[in-house]
Amino acid sequence: MIDRNLKRALGQMTYGAYVVAATHEGTTRAFTSTWTFQLSFAEPVIGVSISPKHDTTPLIDATDRFTVSLLAGDQVEQGQYFSYPGRRFRHVGDYLTDVEGHPVVDGCVAWLGCRVLGRVPIRDHVLYVAEVDAYGEGRIKQPALTYSSRKGWRIADSPARQPGESIRDKLLAMLEEE
């Protein structure tokens with residue numbers, strides 16, 4: 001069990017909100033993931049942390065494939081829907097559409113078709129390392145949906161610096177002064 005104060009600190013972490021989906025033999029399952037991230041600048045490789053108990057896991061393991069839909073800030077409903085266990089919803093509703101064999105959330109910012117390269121067991125989850133071998137842009141200019149267990153759903157659209165301000169230039173100038 002995680003210490004209460006540590007849990008509160010970890011709860012401040014903010015993540016992008018994604019729907020990970022897989023299809024095998026006509027069955028599609030999906031779940032909302034906030035533990036999805038790019039692993040390389042040079043190669044199109046991502047990581048997704050998935051519970052082996054999740055009903056999507058056997059589909060991914062059978063096909064070595066999954067799709068990640070990057071949710072837009074106005075897609076809280078889709079994010080919430082897929083955050084419930086599959087047994088609560090015996091179907092995936094009208095939120096997914098098939099795009100060239102990839103189960104994709106309608107209206108998402110973009111989607112990534114992924115082929116599993118490897119699996120790393122990490123206590124109660126498995127880190128799936130995957131290569132992006134297909135993708136599509138949706139509403140690419142829309143701000144992303146984010147999530148924090150302490151702050152809930154958020155829209156990531158506020159710039160952290162002023163236009164024209166270059167933190168990099170400021171830091172390089174500081175180095176030159178030394």
# chains A, B, ... in the order shown; residues from 1 in each chain; ligands from 1
>>> residues_around(residues="Gly138 of chain A", least_positions_apart="6", cutoff="9 Å", atoms="only C-alpha atoms", output="PDB file with N, CA and C atoms, in the first residue's frame")
ATOM      1  N   ASP A 106     -13.711   8.147 -32.282  1.00  0.00           N
ATOM      2  CA  ASP A 106     -14.191   9.198 -33.185  1.00  0.00           C
ATOM      3  C   ASP A 106     -13.801  10.576 -32.667  1.00  0.00           C
ATOM      4  N   GLY A 107     -13.304  11.425 -33.541  1.00  0.00           N
ATOM      5  CA  GLY A 107     -13.016  12.803 -33.175  1.00  0.00           C
ATOM      6  C   GLY A 107     -11.765  13.018 -32.359  1.00  0.00           C
ATOM      7  N   CYS A 108     -10.908  12.002 -32.250  1.00  0.00           N
ATOM      8  CA  CYS A 108      -9.686  12.165 -31.449  1.00  0.00           C
ATOM      9  C   CYS A 108      -8.706  13.110 -32.140  1.00  0.00           C
ATOM     10  N   VAL A 109      -7.706  13.547 -31.409  1.00  0.00           N
ATOM     11  CA  VAL A 109      -6.669  14.434 -31.942  1.00  0.00           C
ATOM     12  C   VAL A 109      -5.859  13.703 -33.010  1.00  0.00           C
ATOM     13  N   ALA A 110      -5.469  12.480 -32.701  1.00  0.00           N
ATOM     14  CA  ALA A 110      -4.704  11.629 -33.610  1.00  0.00           C
ATOM     15  C   ALA A 110      -4.783  10.209 -33.068  1.00  0.00           C
ATOM     16  N   TRP A 111      -4.367   9.240 -33.883  1.00  0.00           N
ATOM     17  CA  TRP A 111      -4.314   7.858 -33.405  1.00  0.00           C
ATOM     18  C   TRP A 111      -3.020   7.208 -33.878  1.00  0.00           C
TER      19      TRP A 111
END
>>> closest_atom_pairs(of="segment 69-115 of chain A", to="segment 143-150 of chain A", cutoff="6 Å", atoms="only C-alpha atoms", output="Markdown table")
| residue | atom | partner | partner_atom | distance |
| --- | --- | --- | --- | --- |
| A:Leu71 | CA | A:Leu145 | CA | 5.6 |
| A:Ala72 | CA | A:Ala144 | CA | 4.5 |
| A:Gly73 | CA | A:Leu145 | CA | 4.0 |
>>> closest_atom_pairs(of="segment 117-154 of chain A", to="segment 28-48 of chain A", cutoff="10 Å", atoms="only C-alpha atoms", output="JSON lines")
{"residue": "A:Leu117", "atom": "CA", "partner": "A:Val45", "partner_atom": "CA", "distance": 8.9}
{"residue": "A:Gly118", "atom": "CA", "partner": "A:Gly47", "partner_atom": "CA", "distance": 9.7}
{"residue": "A:Arg119", "atom": "CA", "partner": "A:Gly47", "partner_atom": "CA", "distance": 9.4}
{"residue": "A:His125", "atom": "CA", "partner": "A:Val48", "partner_atom": "CA", "distance": 9.7}
{"residue": "A:Val126", "atom": "CA", "partner": "A:Val48", "partner_atom": "CA", "distance": 8.1}
{"residue": "A:Leu127", "atom": "CA", "partner": "A:Val48", "partner_atom": "CA", "distance": 5.6}
{"residue": "A:Tyr128", "atom": "CA", "partner": "A:Val48", "partner_atom": "CA", "distance": 5.2}
{"residue": "A:Val129", "atom": "CA", "partner": "A:Gly47", "partner_atom": "CA", "distance": 4.6}
{"residue": "A:Ala130", "atom": "CA", "partner": "A:Ile46", "partner_atom": "CA", "distance": 5.4}
{"residue": "A:Glu131", "atom": "CA", "partner": "A:Val45", "partner_atom": "CA", "distance": 4.5}
{"residue": "A:Val132", "atom": "CA", "partner": "A:Pro44", "partner_atom": "CA", "distance": 5.4}
{"residue": "A:Asp133", "atom": "CA", "partner": "A:Pro44", "partner_atom": "CA", "distance": 7.9}
{"residue": "A:Thr146", "atom": "CA", "partner": "A:Thr34", "partner_atom": "CA", "distance": 8.0}
{"residue": "A:Tyr147", "atom": "CA", "partner": "A:Thr34", "partner_atom": "CA", "distance": 7.1}
{"residue": "A:Ser148", "atom": "CA", "partner": "A:Thr34", "partner_atom": "CA", "distance": 8.8}
>>> atom_distance(atom1="atom CA of Ala21 of chain A", atom2="atom CA of Ala156 of chain A")
23.0 Å
>>> select_by_dssp(residues="chain A", states="alpha helix (DSSP H)", output="PyMOL selection string")
chain A and resi 4-10+57-63+76-81+167-177
>>> write_last_selection(atoms="N, CA and C atoms", output="mmCIF file, in the first residue's frame")
data_model
loop_
_atom_site.group_PDB
_atom_site.id
_atom_site.type_symbol
_atom_site.label_atom_id
_atom_site.label_comp_id
_atom_site.auth_asym_id
_atom_site.auth_seq_id
_atom_site.Cartn_x
_atom_site.Cartn_y
_atom_site.Cartn_z
ATOM 1 N N ARG A 4 0.026 7.459 2.439
ATOM 2 C CA ARG A 4 -0.971 8.487 2.109
ATOM 3 C C ARG A 4 -0.348 9.777 1.588
ATOM 4 N N ASN A 5 0.718 10.239 2.216
ATOM 5 C CA ASN A 5 1.369 11.472 1.780
ATOM 6 C C ASN A 5 2.063 11.293 0.432
ATOM 7 N N LEU A 6 2.667 10.140 0.228
ATOM 8 C CA LEU A 6 3.287 9.856 -1.063
ATOM 9 C C LEU A 6 2.213 9.793 -2.147
ATOM 10 N N LYS A 7 1.088 9.161 -1.824
ATOM 11 C CA LYS A 7 -0.006 9.067 -2.787
ATOM 12 C C LYS A 7 -0.498 10.465 -3.176
ATOM 13 N N ARG A 8 -0.587 11.369 -2.216
ATOM 14 C CA ARG A 8 -1.013 12.743 -2.501
ATOM 15 C C ARG A 8 0.006 13.417 -3.419
ATOM 16 N N ALA A 9 1.292 13.217 -3.159
ATOM 17 C CA ALA A 9 2.333 13.800 -4.008
ATOM 18 C C ALA A 9 2.260 13.218 -5.425
ATOM 19 N N LEU A 10 2.139 11.899 -5.534
ATOM 20 C CA LEU A 10 2.036 11.265 -6.852
ATOM 21 C C LEU A 10 0.791 11.733 -7.596
ATOM 22 N N THR A 57 -5.913 -6.949 -22.307
ATOM 23 C CA THR A 57 -4.601 -7.614 -22.321
ATOM 24 C C THR A 57 -4.572 -8.887 -23.169
ATOM 25 N N PRO A 58 -5.527 -9.820 -23.034
ATOM 26 C CA PRO A 58 -5.443 -11.028 -23.863
ATOM 27 C C PRO A 58 -5.554 -10.741 -25.359
ATOM 28 N N LEU A 59 -6.291 -9.708 -25.725
ATOM 29 C CA LEU A 59 -6.412 -9.349 -27.140
ATOM 30 C C LEU A 59 -5.092 -8.813 -27.676
ATOM 31 N N ILE A 60 -4.426 -7.981 -26.871
ATOM 32 C CA ILE A 60 -3.118 -7.460 -27.269
ATOM 33 C C ILE A 60 -2.110 -8.599 -27.343
ATOM 34 N N ASP A 61 -2.130 -9.476 -26.345
ATOM 35 C CA ASP A 61 -1.184 -10.594 -26.328
ATOM 36 C C ASP A 61 -1.403 -11.551 -27.505
ATOM 37 N N ALA A 62 -2.640 -11.718 -27.940
ATOM 38 C CA ALA A 62 -2.937 -12.630 -29.054
ATOM 39 C C ALA A 62 -2.502 -12.058 -30.395
ATOM 40 N N THR A 63 -2.512 -10.729 -30.521
ATOM 41 C CA THR A 63 -2.231 -10.110 -31.820
ATOM 42 C C THR A 63 -0.934 -9.307 -31.862
ATOM 43 N N VAL A 76 -13.962 14.373 -22.586
ATOM 44 C CA VAL A 76 -14.023 13.829 -21.224
ATOM 45 C C VAL A 76 -14.998 12.649 -21.169
ATOM 46 N N GLU A 77 -16.106 12.753 -21.868
ATOM 47 C CA GLU A 77 -17.095 11.672 -21.857
ATOM 48 C C GLU A 77 -16.484 10.363 -22.347
ATOM 49 N N GLN A 78 -15.736 10.409 -23.427
ATOM 50 C CA GLN A 78 -15.086 9.208 -23.946
ATOM 51 C C GLN A 78 -14.031 8.700 -22.963
ATOM 52 N N GLY A 79 -13.255 9.623 -22.399
ATOM 53 C CA GLY A 79 -12.251 9.229 -21.420
ATOM 54 C C GLY A 79 -12.880 8.558 -20.217
ATOM 55 N N GLN A 80 -13.968 9.118 -19.730
ATOM 56 C CA GLN A 80 -14.668 8.548 -18.575
ATOM 57 C C GLN A 80 -15.285 7.198 -18.917
ATOM 58 N N TYR A 81 -15.915 7.106 -20.080
ATOM 59 C CA TYR A 81 -16.568 5.872 -20.501
ATOM 60 C C TYR A 81 -15.586 4.696 -20.502
ATOM 61 N N ILE A 167 13.286 30.609 -23.466
ATOM 62 C CA ILE A 167 13.987 30.201 -22.244
ATOM 63 C C ILE A 167 15.373 29.672 -22.613
ATOM 64 N N ARG A 168 15.469 28.956 -23.718
ATOM 65 C CA ARG A 168 16.740 28.403 -24.172
ATOM 66 C C ARG A 168 17.752 29.528 -24.384
ATOM 67 N N ASP A 169 17.329 30.597 -25.091
ATOM 68 C CA ASP A 169 18.234 31.725 -25.327
ATOM 69 C C ASP A 169 18.666 32.368 -24.010
ATOM 70 N N LYS A 170 17.749 32.495 -23.076
ATOM 71 C CA LYS A 170 18.060 33.075 -21.768
ATOM 72 C C LYS A 170 19.109 32.229 -21.038
ATOM 73 N N LEU A 171 18.924 30.904 -21.056
ATOM 74 C CA LEU A 171 19.871 30.007 -20.395
ATOM 75 C C LEU A 171 21.243 30.041 -21.069
ATOM 76 N N LEU A 172 21.265 30.075 -22.402
ATOM 77 C CA LEU A 172 22.545 30.156 -23.114
ATOM 78 C C LEU A 172 23.275 31.465 -22.809
ATOM 79 N N ALA A 173 22.519 32.561 -22.687
ATOM 80 C CA ALA A 173 23.115 33.841 -22.317
ATOM 81 C C ALA A 173 23.724 33.768 -20.923
ATOM 82 N N MET A 174 23.067 33.089 -20.005
ATOM 83 C CA MET A 174 23.601 32.921 -18.652
ATOM 84 C C MET A 174 24.927 32.167 -18.681
ATOM 85 N N LEU A 175 25.036 31.151 -19.536
ATOM 86 C CA LEU A 175 26.280 30.395 -19.659
ATOM 87 C C LEU A 175 27.411 31.273 -20.188
ATOM 88 N N GLU A 176 27.095 32.136 -21.148
ATOM 89 C CA GLU A 176 28.106 33.016 -21.717
ATOM 90 C C GLU A 176 28.625 34.016 -20.710
ATOM 91 N N GLU A 177 27.788 34.399 -19.727
ATOM 92 C CA GLU A 177 28.182 35.377 -18.710
ATOM 93 C C GLU A 177 29.160 34.795 -17.707
#
>>> closest_residue(among="A:Cys114, A:Ile140, A:Val19, A:Val68", to="Tyr95 of chain A", atoms="only C-alpha atoms")
A:Val19
>>> closest_residue(among="A:Arg123, A:Asp64, A:His54, A:Ser83", to="His24 of chain A", atoms="only C-alpha atoms")
A:Asp64
>>> select_by_dssp(residues="segment 9-178 of chain A", states="strand (DSSP E)", output="PyMOL selection string")
chain A and resi 15-16+18-24+27-33+36-38+45-50+65-70+96-99+102-105+110-122+125-137+144-148+152-156
>>> atom_distance(atom1="atom CA of Val20 of chain A", atom2="atom CA of Glu137 of chain A")
16.1 Å
>>> closest_residue(among="A:Ala22, A:Met1, A:Val104, A:Met13", to="Arg65 of chain A", atoms="only C-alpha atoms")
A:Ala22
>>> atom_distance(atom1="atom CA of Pro103 of chain A", atom2="atom CA of Thr23 of chain A")
7.3 Å
